[in-house]
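Pasted below: data_6.txt, compact mmCIF, C-alpha atoms.
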# COMPACT_ATOMS: atom_id res chain seq x y z
CA MET A 1 107.87 122.26 139.78
CA PRO A 2 107.11 118.89 138.19
CA LEU A 3 103.59 117.52 138.53
CA PRO A 4 103.08 114.84 141.19
CA ASP A 5 102.71 111.25 139.99
CA LEU A 6 99.20 109.81 140.14
CA PRO A 7 98.49 106.60 142.09
CA PRO A 8 99.29 103.50 140.02
CA THR A 9 96.62 101.49 138.19
CA THR A 10 96.92 98.11 136.49
CA PRO A 11 98.87 98.05 133.20
CA THR A 12 96.12 96.09 131.44
CA ASP A 13 93.59 98.72 132.41
CA GLU A 14 95.77 101.54 131.00
CA PHE A 15 96.14 99.68 127.73
CA VAL A 16 92.53 98.53 127.31
CA LYS A 17 90.81 101.80 128.20
CA GLY A 18 91.74 103.43 124.87
CA LEU A 19 90.27 100.59 122.87
CA TRP A 20 86.68 100.87 124.10
CA ARG A 21 85.80 102.65 127.36
CA GLU A 22 87.74 105.85 126.54
CA ASN A 23 88.08 105.39 122.78
CA PRO A 24 89.56 108.68 121.48
CA VAL A 25 87.16 108.96 118.52
CA PHE A 26 83.93 107.29 119.56
CA VAL A 27 83.90 108.31 123.25
CA GLN A 28 86.21 111.31 123.72
CA VAL A 29 85.51 112.67 120.19
CA LEU A 30 89.06 114.02 119.91
CA GLY A 31 91.21 114.60 116.82
CA MET A 32 88.23 115.06 114.51
CA CYS A 33 90.22 116.88 111.79
CA PRO A 34 92.15 113.81 110.54
CA VAL A 35 89.26 111.48 111.41
CA LEU A 36 86.93 113.25 108.98
CA ALA A 37 89.47 114.33 106.39
CA VAL A 38 91.63 111.26 105.83
CA SER A 39 89.09 108.47 106.33
CA ASN A 40 87.95 108.46 102.67
CA SER A 41 89.71 105.14 102.06
CA ALA A 42 90.82 102.27 104.26
CA VAL A 43 94.51 102.59 103.27
CA ASN A 44 94.59 106.32 104.11
CA ALA A 45 92.81 105.64 107.41
CA LEU A 46 95.26 102.88 108.36
CA ALA A 47 98.29 104.98 107.45
CA MET A 48 97.04 108.00 109.38
CA GLY A 49 96.17 105.79 112.37
CA LEU A 50 99.61 104.19 112.45
CA ALA A 51 101.38 107.54 111.99
CA THR A 52 99.40 109.03 114.87
CA THR A 53 100.08 105.99 117.06
CA PHE A 54 103.82 106.27 116.41
CA VAL A 55 103.87 110.00 117.21
CA MET A 56 101.81 109.43 120.36
CA LEU A 57 103.98 106.54 121.55
CA MET A 58 107.26 108.36 121.01
CA SER A 59 106.08 111.68 122.48
CA ASN A 60 104.53 109.92 125.50
CA LEU A 61 107.82 108.10 126.10
CA LEU A 62 109.88 111.28 125.90
CA VAL A 63 107.44 113.39 127.92
CA SER A 64 107.26 110.71 130.60
CA SER A 65 111.02 110.31 130.86
CA LEU A 66 111.54 114.10 131.00
CA ARG A 67 108.62 114.77 133.38
CA ASN A 68 110.84 115.68 136.32
CA PHE A 69 113.00 117.92 134.14
CA ILE A 70 110.31 120.11 132.49
CA PRO A 71 109.02 122.99 134.70
CA LYS A 72 105.24 123.29 134.56
CA GLN A 73 105.33 126.86 133.19
CA VAL A 74 106.89 125.72 129.91
CA ARG A 75 105.42 122.22 129.71
CA ILE A 76 102.97 122.86 126.84
CA ALA A 77 105.68 124.49 124.70
CA SER A 78 107.98 121.55 125.43
CA TYR A 79 105.30 118.97 124.55
CA ILE A 80 104.49 120.71 121.27
CA LEU A 81 108.20 120.80 120.40
CA ILE A 82 108.51 117.07 121.09
CA ILE A 83 105.34 116.21 119.15
CA ALA A 84 106.37 118.39 116.17
CA THR A 85 109.72 116.60 116.04
CA PHE A 86 108.16 113.16 115.75
CA VAL A 87 105.63 114.40 113.19
CA THR A 88 108.50 115.71 111.05
CA ILE A 89 110.19 112.32 111.38
CA VAL A 90 106.98 110.53 110.32
CA ASP A 91 106.67 112.93 107.36
CA TYR A 92 110.13 111.96 106.05
CA VAL A 93 109.61 108.25 106.74
CA ILE A 94 106.28 108.10 104.87
CA ALA A 95 107.82 109.91 101.88
CA ALA A 96 110.61 107.32 101.94
CA ILE A 97 108.21 104.36 102.19
CA SER A 98 105.72 105.40 99.50
CA LEU A 99 105.38 108.65 97.55
CA GLU A 100 101.87 107.64 96.52
CA LEU A 101 100.75 107.38 100.15
CA TYR A 102 102.61 110.61 100.95
CA ASN A 103 100.69 112.44 98.21
CA ALA A 104 97.37 110.93 99.32
CA LEU A 105 97.79 112.00 102.97
CA GLY A 106 98.99 115.42 101.87
CA ALA A 107 98.92 118.18 104.45
CA PHE A 108 97.33 115.95 107.07
CA ILE A 109 100.65 114.42 108.12
CA SER A 110 101.92 117.83 109.25
CA LEU A 111 98.60 118.48 110.94
CA ILE A 112 99.17 115.55 113.34
CA VAL A 113 101.04 118.19 115.38
CA VAL A 114 97.79 119.89 116.28
CA ASN A 115 95.83 116.70 116.96
CA CYS A 116 94.56 117.50 120.45
CA LEU A 117 94.52 113.78 121.27
CA ILE A 118 98.34 113.62 121.32
CA LEU A 119 98.84 116.77 123.36
CA GLY A 120 96.00 115.58 125.59
CA ARG A 121 97.72 112.26 126.35
CA ALA A 122 101.06 114.00 126.99
CA GLU A 123 99.51 116.50 129.39
CA ALA A 124 96.87 114.34 131.09
CA PHE A 125 98.79 111.07 131.30
CA ALA A 126 102.46 110.87 130.29
CA SER A 127 103.50 113.85 132.43
CA LYS A 128 102.10 112.12 135.53
CA HIS A 129 103.08 108.47 134.96
CA GLY A 130 106.16 106.32 134.47
CA ILE A 131 107.54 105.30 131.09
CA GLY A 132 105.93 101.86 130.99
CA MET A 133 102.43 103.12 131.77
CA ALA A 134 102.84 106.04 129.34
CA ALA A 135 103.79 103.61 126.56
CA LEU A 136 100.81 101.34 127.30
CA ASP A 137 98.46 104.33 127.37
CA ALA A 138 99.79 105.61 124.02
CA LEU A 139 99.54 102.15 122.42
CA GLY A 140 96.00 101.62 123.67
CA MET A 141 94.84 105.08 122.57
CA GLY A 142 96.71 104.75 119.25
CA ILE A 143 95.19 101.38 118.45
CA GLY A 144 91.75 102.66 119.48
CA PHE A 145 92.24 105.67 117.18
CA THR A 146 93.43 103.48 114.29
CA VAL A 147 90.53 101.04 114.65
CA ALA A 148 88.05 103.93 114.75
CA LEU A 149 89.60 105.48 111.63
CA LEU A 150 89.45 102.09 109.91
CA CYS A 151 85.76 101.74 110.85
CA LEU A 152 85.09 105.05 109.11
CA GLY A 153 87.49 104.51 106.22
CA GLY A 154 86.16 101.00 105.54
CA VAL A 155 82.51 102.05 105.37
CA ARG A 156 83.29 105.13 103.30
CA GLU A 157 85.46 103.25 100.81
CA ILE A 158 82.97 100.37 100.41
CA LEU A 159 80.03 102.71 99.76
CA GLY A 160 81.90 105.54 98.05
CA SER A 161 84.25 103.61 95.78
CA GLY A 162 82.83 100.07 95.86
CA SER A 163 86.13 98.64 97.11
CA LEU A 164 88.05 97.86 100.30
CA PHE A 165 91.84 98.39 100.50
CA GLY A 166 91.65 99.01 96.73
CA VAL A 167 90.07 95.59 95.99
CA ALA A 168 86.79 95.94 94.07
CA LEU A 169 83.89 94.30 95.94
CA PHE A 170 80.90 94.79 93.67
CA PRO A 171 80.09 94.01 90.01
CA GLU A 172 80.62 96.80 87.46
CA ALA A 173 76.97 97.80 87.61
CA PHE A 174 77.41 99.15 91.18
CA GLN A 175 77.06 102.92 91.21
CA PRO A 176 79.28 104.27 94.02
CA TRP A 177 77.82 106.88 96.38
CA VAL A 178 80.31 109.60 95.67
CA VAL A 179 79.03 111.63 98.63
CA MET A 180 80.58 109.07 101.01
CA ILE A 181 84.15 109.97 100.03
CA LEU A 182 83.38 113.70 100.07
CA PRO A 183 83.55 115.64 103.39
CA GLY A 184 79.79 115.20 103.97
CA GLY A 185 80.16 111.41 103.94
CA GLY A 186 82.67 111.67 106.79
CA PHE A 187 80.09 113.34 109.01
CA PHE A 188 77.34 110.87 108.03
CA THR A 189 79.55 107.86 108.76
CA LEU A 190 80.82 109.27 112.05
CA ALA A 191 77.23 110.02 113.11
CA GLY A 192 76.20 106.46 112.22
CA TRP A 193 79.03 104.93 114.27
CA LEU A 194 78.39 107.22 117.26
CA LEU A 195 74.71 106.29 117.17
CA LEU A 196 75.50 102.57 117.10
CA ILE A 197 78.11 102.73 119.86
CA ASN A 198 75.98 104.87 122.16
CA TYR A 199 73.02 102.53 121.60
CA LEU A 200 75.16 99.51 122.52
CA LYS A 201 76.49 101.28 125.63
CA GLU A 202 73.04 102.28 126.82
CA ARG A 203 71.71 98.79 126.30
CA ARG A 204 74.62 97.36 128.29
CA GLU A 205 74.12 99.83 131.13
CA ALA A 206 70.38 99.12 131.21
CA ALA A 207 71.12 95.40 131.35
CA SER A 208 73.53 95.78 134.28
CA VAL A 209 70.97 97.95 136.19
CA MET A 210 68.31 95.30 135.58
CA LEU A 211 70.69 92.62 136.84
CA GLN A 212 71.32 94.56 140.08
CA GLU A 213 67.61 95.15 140.67
CA THR A 214 66.58 91.55 140.15
CA PRO A 215 66.02 89.89 143.57
CA GLU A 216 67.92 86.65 144.16
CA MET B 217 97.62 149.40 155.97
CA THR B 218 97.63 145.91 154.55
CA GLU B 219 100.56 144.27 152.86
CA THR B 220 100.02 142.14 149.78
CA THR B 221 102.48 139.31 149.25
CA GLN B 222 103.84 139.07 145.73
CA PRO B 223 103.73 135.55 144.27
CA ALA B 224 107.25 134.14 144.06
CA ARG B 225 108.69 134.42 140.56
CA PRO B 226 109.48 131.02 139.12
CA PRO B 227 113.19 130.36 138.61
CA VAL B 228 114.23 131.12 135.03
CA TRP B 229 117.14 128.74 134.67
CA PRO B 230 115.12 125.45 134.74
CA MET B 231 112.77 126.81 132.06
CA TYR B 232 115.65 127.94 129.89
CA ARG B 233 117.50 124.66 130.39
CA SER B 234 114.42 122.61 129.59
CA LEU B 235 113.41 124.46 126.38
CA VAL B 236 116.93 124.73 124.97
CA GLY B 237 117.76 121.14 125.93
CA ILE B 238 114.63 119.74 124.28
CA GLY B 239 115.18 121.99 121.26
CA VAL B 240 118.70 120.67 120.74
CA LEU B 241 117.59 117.06 121.23
CA CYS B 242 114.77 117.51 118.69
CA ALA B 243 117.05 119.21 116.19
CA VAL B 244 119.55 116.34 116.35
CA LEU B 245 116.76 113.76 115.87
CA ILE B 246 115.33 115.60 112.85
CA VAL B 247 118.74 116.02 111.21
CA LEU B 248 119.53 112.33 111.65
CA VAL B 249 116.23 111.19 110.10
CA PHE B 250 116.45 113.80 107.32
CA ASP B 251 119.93 112.61 106.39
CA GLY B 252 118.91 108.98 106.55
CA THR B 253 115.80 109.31 104.38
CA ARG B 254 117.03 111.92 101.87
CA PRO B 255 118.65 109.48 99.39
CA ILE B 256 115.63 107.14 99.58
CA ILE B 257 113.16 109.98 98.93
CA ALA B 258 115.28 111.27 96.02
CA ARG B 259 115.38 107.75 94.55
CA ASN B 260 111.59 107.39 94.96
CA ARG B 261 111.02 110.67 93.14
CA ALA B 262 113.41 109.72 90.34
CA GLU B 263 111.72 106.33 89.95
CA ALA B 264 108.25 107.91 89.86
CA LEU B 265 109.44 110.33 87.16
CA GLU B 266 111.08 107.49 85.22
CA ARG B 267 107.84 105.48 85.26
CA ALA B 268 105.84 108.54 84.20
CA VAL B 269 108.22 109.27 81.28
CA PHE B 270 107.80 105.76 79.88
CA THR B 271 104.02 105.95 80.40
CA VAL B 272 103.65 109.14 78.36
CA LEU B 273 106.14 107.96 75.72
CA PRO B 274 105.04 104.34 75.24
CA ASP B 275 107.53 103.64 72.41
CA ALA B 276 110.61 104.80 74.34
CA THR B 277 113.09 102.37 75.87
CA ARG B 278 115.67 104.89 77.12
CA ARG B 279 115.51 108.48 78.30
CA VAL B 280 117.96 111.39 78.32
CA THR B 281 117.28 114.56 80.30
CA PHE B 282 117.97 117.91 78.65
CA ALA B 283 118.10 121.43 80.06
CA LEU B 284 117.24 124.57 78.15
CA VAL B 285 120.38 126.74 78.04
CA ASP B 286 120.18 130.50 77.39
CA GLU B 287 116.55 129.95 76.27
CA ARG B 288 117.98 128.89 72.91
CA ARG B 289 119.44 125.41 72.87
CA PHE B 290 119.14 122.08 74.65
CA GLU B 291 122.02 120.32 76.40
CA PRO B 292 121.99 116.89 78.04
CA VAL B 293 122.32 117.02 81.84
CA THR B 294 122.62 114.31 84.46
CA ASN B 295 120.85 116.03 87.33
CA GLY B 296 119.79 119.58 86.70
CA SER B 297 116.98 121.77 87.85
CA GLY B 298 114.80 124.39 86.20
CA SER B 299 113.37 123.86 82.71
CA LEU B 300 114.01 120.19 81.99
CA LEU B 301 112.86 117.95 79.16
CA HIS B 302 113.10 114.18 78.96
CA ALA B 303 113.79 112.87 75.47
CA GLY B 304 112.74 109.26 74.86
CA PHE B 305 114.66 107.02 72.44
CA ASP B 306 113.80 103.60 71.05
CA ALA B 307 116.14 100.60 70.74
CA ASP B 308 117.59 102.00 67.47
CA ASP B 309 118.47 105.33 69.16
CA ARG B 310 115.75 107.17 67.26
CA LEU B 311 114.02 110.04 69.07
CA VAL B 312 110.42 108.90 69.62
CA GLY B 313 109.21 111.80 71.71
CA VAL B 314 109.83 114.39 74.38
CA ALA B 315 108.28 114.30 77.85
CA VAL B 316 107.60 117.75 79.29
CA GLU B 317 106.67 118.66 82.86
CA ALA B 318 103.97 121.31 83.26
CA GLY B 319 101.85 122.70 86.07
CA GLY B 320 99.07 125.11 86.85
CA MET B 321 96.15 125.85 89.11
CA GLY B 322 93.45 123.21 89.43
CA TYR B 323 90.27 123.30 91.53
CA ALA B 324 91.79 122.57 94.94
CA ASP B 325 95.49 123.22 94.48
CA THR B 326 98.14 123.27 91.79
CA ILE B 327 98.25 120.26 89.46
CA SER B 328 101.56 119.07 88.03
CA LEU B 329 101.65 116.72 85.08
CA LEU B 330 103.92 115.19 82.48
CA TYR B 331 102.99 114.92 78.82
CA GLY B 332 104.65 113.24 75.86
CA TYR B 333 105.10 115.12 72.59
CA SER B 334 105.91 113.31 69.37
CA PRO B 335 107.76 115.61 66.94
CA ALA B 336 107.16 113.18 64.04
CA ALA B 337 103.39 113.05 64.47
CA GLU B 338 103.17 116.62 65.86
CA THR B 339 100.79 115.40 68.53
CA ILE B 340 100.70 114.86 72.27
CA VAL B 341 100.87 111.09 72.74
CA GLY B 342 100.34 110.68 76.48
CA MET B 343 99.64 112.55 79.72
CA GLN B 344 100.01 111.61 83.34
CA VAL B 345 99.14 113.67 86.40
CA LEU B 346 102.10 113.71 88.82
CA THR B 347 100.56 115.52 91.80
CA SER B 348 97.05 116.78 92.40
CA LYS B 349 94.81 117.39 95.39
CA GLU B 350 91.59 117.46 93.37
CA THR B 351 88.36 116.34 95.09
CA PRO B 352 88.30 112.56 95.58
CA GLY B 353 85.58 110.95 93.51
CA LEU B 354 85.02 114.01 91.31
CA GLY B 355 88.06 116.10 90.34
CA ASP B 356 90.44 113.17 90.66
CA LYS B 357 88.77 111.58 87.63
CA ILE B 358 91.43 113.47 85.62
CA GLN B 359 93.73 110.67 86.78
CA THR B 360 91.40 107.69 86.55
CA ASP B 361 88.72 108.28 83.87
CA GLU B 362 89.73 106.15 80.88
CA ASP B 363 87.63 108.12 78.39
CA PHE B 364 89.30 111.35 79.53
CA LEU B 365 92.81 109.88 79.38
CA ALA B 366 92.10 108.60 75.86
CA ASN B 367 92.05 112.27 74.76
CA PHE B 368 95.82 112.37 75.12
CA ALA B 369 96.67 109.45 72.84
CA ALA B 370 96.72 111.81 69.83
CA LEU B 371 96.11 115.47 70.63
CA ASP B 372 96.94 117.80 67.76
CA VAL B 373 99.63 120.45 68.43
CA LYS B 374 100.71 121.27 64.84
CA LEU B 375 102.57 124.53 64.23
CA ASP B 376 101.48 127.09 61.67
CA GLU B 377 103.57 128.18 58.64
CA THR B 378 105.74 130.56 60.68
CA GLY B 379 106.80 127.71 62.97
CA THR B 380 106.48 129.89 66.06
CA THR B 381 102.86 129.42 67.14
CA LEU B 382 100.41 126.55 67.29
CA ARG B 383 97.85 126.37 64.51
CA HIS B 384 95.10 125.65 67.06
CA ARG B 385 95.29 126.21 70.79
CA ILE B 386 94.30 123.15 72.86
CA GLU B 387 90.86 123.59 74.42
CA THR B 388 88.60 121.55 76.70
CA VAL B 389 85.02 121.13 75.48
CA LYS B 390 81.90 119.74 77.17
CA GLN B 391 81.82 115.96 77.55
CA GLY B 392 80.75 114.27 74.31
CA THR B 393 81.15 117.32 72.06
CA LYS B 394 84.76 116.85 70.86
CA SER B 395 84.85 117.36 67.10
CA GLU B 396 88.42 118.52 66.35
CA PRO B 397 91.74 116.75 67.02
CA TRP B 398 93.00 119.62 69.20
CA GLN B 399 90.00 119.46 71.54
CA ILE B 400 89.83 117.62 74.87
CA ASP B 401 86.57 115.93 75.79
CA GLY B 402 85.91 117.24 79.32
CA ILE B 403 84.42 115.41 82.31
CA THR B 404 80.94 116.24 83.60
CA GLY B 405 81.29 116.63 87.38
CA ALA B 406 84.95 117.55 87.06
CA THR B 407 84.54 120.54 84.77
CA ILE B 408 87.08 122.79 86.46
CA SER B 409 89.71 120.08 86.87
CA SER B 410 89.43 118.90 83.26
CA GLU B 411 89.53 122.47 81.99
CA ALA B 412 92.61 123.06 84.14
CA ILE B 413 94.36 120.16 82.41
CA GLY B 414 93.46 121.70 79.03
CA ASP B 415 94.77 125.13 80.09
CA ILE B 416 98.02 123.70 81.48
CA LEU B 417 98.65 121.75 78.26
CA ALA B 418 97.70 124.72 76.07
CA ALA B 419 100.08 127.11 77.86
CA SER B 420 102.94 124.64 78.06
CA SER B 421 102.67 123.37 74.48
CA ALA B 422 102.46 126.92 73.09
CA TYR B 423 105.84 127.60 74.74
CA TRP B 424 107.67 124.30 74.29
CA VAL B 425 106.50 122.91 70.94
CA PRO B 426 108.00 125.73 68.79
CA LEU B 427 111.26 125.52 70.81
CA ILE B 428 111.49 121.74 70.44
CA ARG B 429 110.72 121.87 66.71
CA ARG B 430 113.39 124.54 66.15
CA ARG B 431 116.11 122.70 68.10
CA LEU B 432 115.12 119.12 67.34
CA GLU B 433 118.68 118.43 66.20
CA ASP B 434 120.05 119.18 69.70
CA LEU B 435 117.83 116.48 71.13
CA GLU B 436 118.55 113.90 68.40
CA THR B 437 122.35 114.26 68.41
CA GLY B 438 122.62 114.97 72.15
CA GLY B 439 120.68 111.80 72.87
CA ILE B 440 122.93 109.65 70.71
CA ASP B 441 126.09 111.13 72.29
CA ALA B 442 124.67 110.38 75.74
CA ALA B 443 123.89 106.74 74.81
CA PRO B 444 125.46 104.26 77.21
Please express the file's structure as C-alpha cells.
Amino acid sequence: MPLPDLPPTTPTDEFVKGLWRENPVFVQVLGMCPVLAVSNSAVNALAMGLATTFVMLMSNLLVSSLRNFIPKQVRIASYILIIATFVTIVDYVIAAISLELYNALGAFISLIVVNCLILGRAEAFASKHGIGMAALDALGMGIGFTVALLCLGGVREILGSGSLFGVALFPEAFQPWVVMILPGGGFFTLAGWLLLINYLKERREAASVMLQETPE
Amino acid sequence: MTETTQPARPPVWPMYRSLVGIGVLCAVLIVLVFDGTRPIIARNRAEALERAVFTVLPDATRRVTFALVDERRFEPVTNGSGSLLHAGFDADDRLVGVAVEAGGMGYADTISLLYGYSPAAETIVGMQVLTSKETPGLGDKIQTDEDFLANFAALDVKLDETGTTLRHRIETVKQGTKSEPWQIDGITGATISSEAIGDILAASSAYWVPLIRRRLEDLETGGIDAAP
C-alpha cells in the first residue's frame, strides 16, 4: 500500500530548509564519505555537489511521481534502482564533459549510489509529497550539500595547495599544508566548520531566549 | 484453545509489476545515455592520447599508430587494440620517436603512462602519466614535480652488443643522488610512487626497445606509406 501524503507546507520552506536549518552536511551530518573524500579541491567539491544534486533531483522526481505505484514492501529496492540509474547517467555525462574531472573524482561518482542523503530524501520526503515539493526539497538539499562541500573544498585547497579553483593565491614562498588535502585535513576542516556553525546557532538561540525574557 | 490470525500476505503482482517496470524504465534510460555519450567519450580519450603523444615526442608533428603482429613485426592500424605503439614523424616524414603506453602498480592503484623513445638518441625523451590515483599532495608529484619530470628529457636506454637487452636497467635513486644517465632522481615524500614509475619504465623499455630497434624499418616505411 502506498504511504499516505503528509500535510502540505509552504514551497519556500521546503526549499530553504536544506540550505541552513536542515543542512545535510552541517546539521544532519549525512553523506560523509564524499564530503571528506572529494573535498580536497574546490573544483572537485563543486563537481561532486552538482552531480549529487542532479541525482537527488531526478530520483526525487521519479520516486514522487511513482509513489502510488510502488508497494511499500519493495520501495527501498525500487529507490536504489532509480538512484543507481541516475548515477550511471552522471558517470557517462561527466566522462563526456571532461576526462580530467572524471579521473579526479574517480570511484566517488559510482559511490553516490550509497550516499544515504539521497536515499533518505527519497524515503523521508519524495515518497510522501507531490512532484513540485519533491523537486524543491531536492534542490534545496542539493544546493545546501554543494555549498557545504565548497566550504570544505575551498578551505582545504587554499591551505593545502595555496590556490582556489586552481588559481594560485600566495607568493611562491608559501609552503602549503599538505595535511589539509590528505584525509586528515578533511576531518579537521569539517570539525572547524561544525564548531563555527554550532556556535552561531547557540548564540542565536540564546539571543532569542533573552529577547523573550526581556519585559516590555 | 486460542486462534492466532495470520497476517495477510501482501499481493505479489504489484511488487512484481513495480520492480520489473522500474527496471525496464531504468535500462532504457541508461542505454539511451550510453549511446549518446559513447562517441563523445571515445573522442575525448583519443584527444587526450593525441595530446600526450605530442607531449612525450616534442619534435613530432604527425603520428601513426602501429600494432605488433605475431610478436615479430609492426603494421600500421587505424583503430586497434592490444599492444599499440604511436610513431611520431616530423614535417619531413622522418621518424623522430615512438610513444609507448605502459602501466604497473603504484602506491594507491595502477598507474598508466606514456613515454617517448628516440631510436636515434637511444634515450627516453618524455614521459606523461595518463591515469593515477596516487595520494594528492604527495604521490601525485610524479605528475607535477618539474625536477622529477626533467629526468625523462634524456634517460639512457642503450642496448648492449647483442641488441636484445638493455645495457643498464632503468632505476630510481634517492632524491639528489642521480649520477648515471639511466638513473631517475626520485622524490622524497613520494618514494613508492617515483620508484613505481622507474619500475614501469624499466620493465616496458626492456621489452619494447629491442623490438623497436630490430624492426625500425617497419615503423619508418609504414609511417611514410600511411602519410596523408
Within 6 Å of chain B, which residues of chain A show up when using all atoms listed in the file, listed as a CSV table (one decimal) with C-alpha atoms, in the coordinates of the input?
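Output file result.csv follows:
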chain,number,residue,atom,x,y,z
A,70,ILE,CA,110.3,120.1,132.5
A,71,PRO,CA,109.0,123.0,134.7
A,85,THR,CA,109.7,116.6,116.0
A,96,ALA,CA,110.6,107.3,101.9
A,178,VAL,CA,80.3,109.6,95.7
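Protein and nucleic acid residues near (115.9, 122.3, 74.8) are Phe282, Ala283, Leu284, Arg289, Phe290, Glu291, Leu301, Leu427, Ile428 and Arg431 of chain B, the criterion being any atom at most 7 Å away using all atoms listed in the file.
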Test item: residues at most 8 Å from segment 364-366 of chain B, only C-alpha atoms, excluding those fewer than 3 positions along its chain, as a PyMOL selection string: chain B and resi 343+358-361+369+400-403
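The coordinates place atom CA of Val269 of chain B at 26.5 Å from atom CA of Glu396 of chain B.
Counting from atom CA of Ser163 of chain A, the distance to atom CA of Leu182 of chain A is 15.6 Å.
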Rounded to one decimal place, report the atom CA of Leu382 of chain B-atom CA of Ala422 of chain B distance in Å. 6.2 Å
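Residue neighbourhood of Ala104 of chain A, excluding near-sequence residues (fewer than 3 positions): Ala37, Val38, Ser39, Asn40, Ser41, Ala42, Val43, Asn44, Ala45, Ala47, Met48, Ile94, Ala95, Ser98, Leu99, Glu100, Leu101, Ala107, Phe108 and Ile109 of chain A; Leu346, Thr347, Ser348, Lys349, Glu350, Thr351, Pro352 and Asp356 of chain B, at 12 Å, using all atoms listed in the file.
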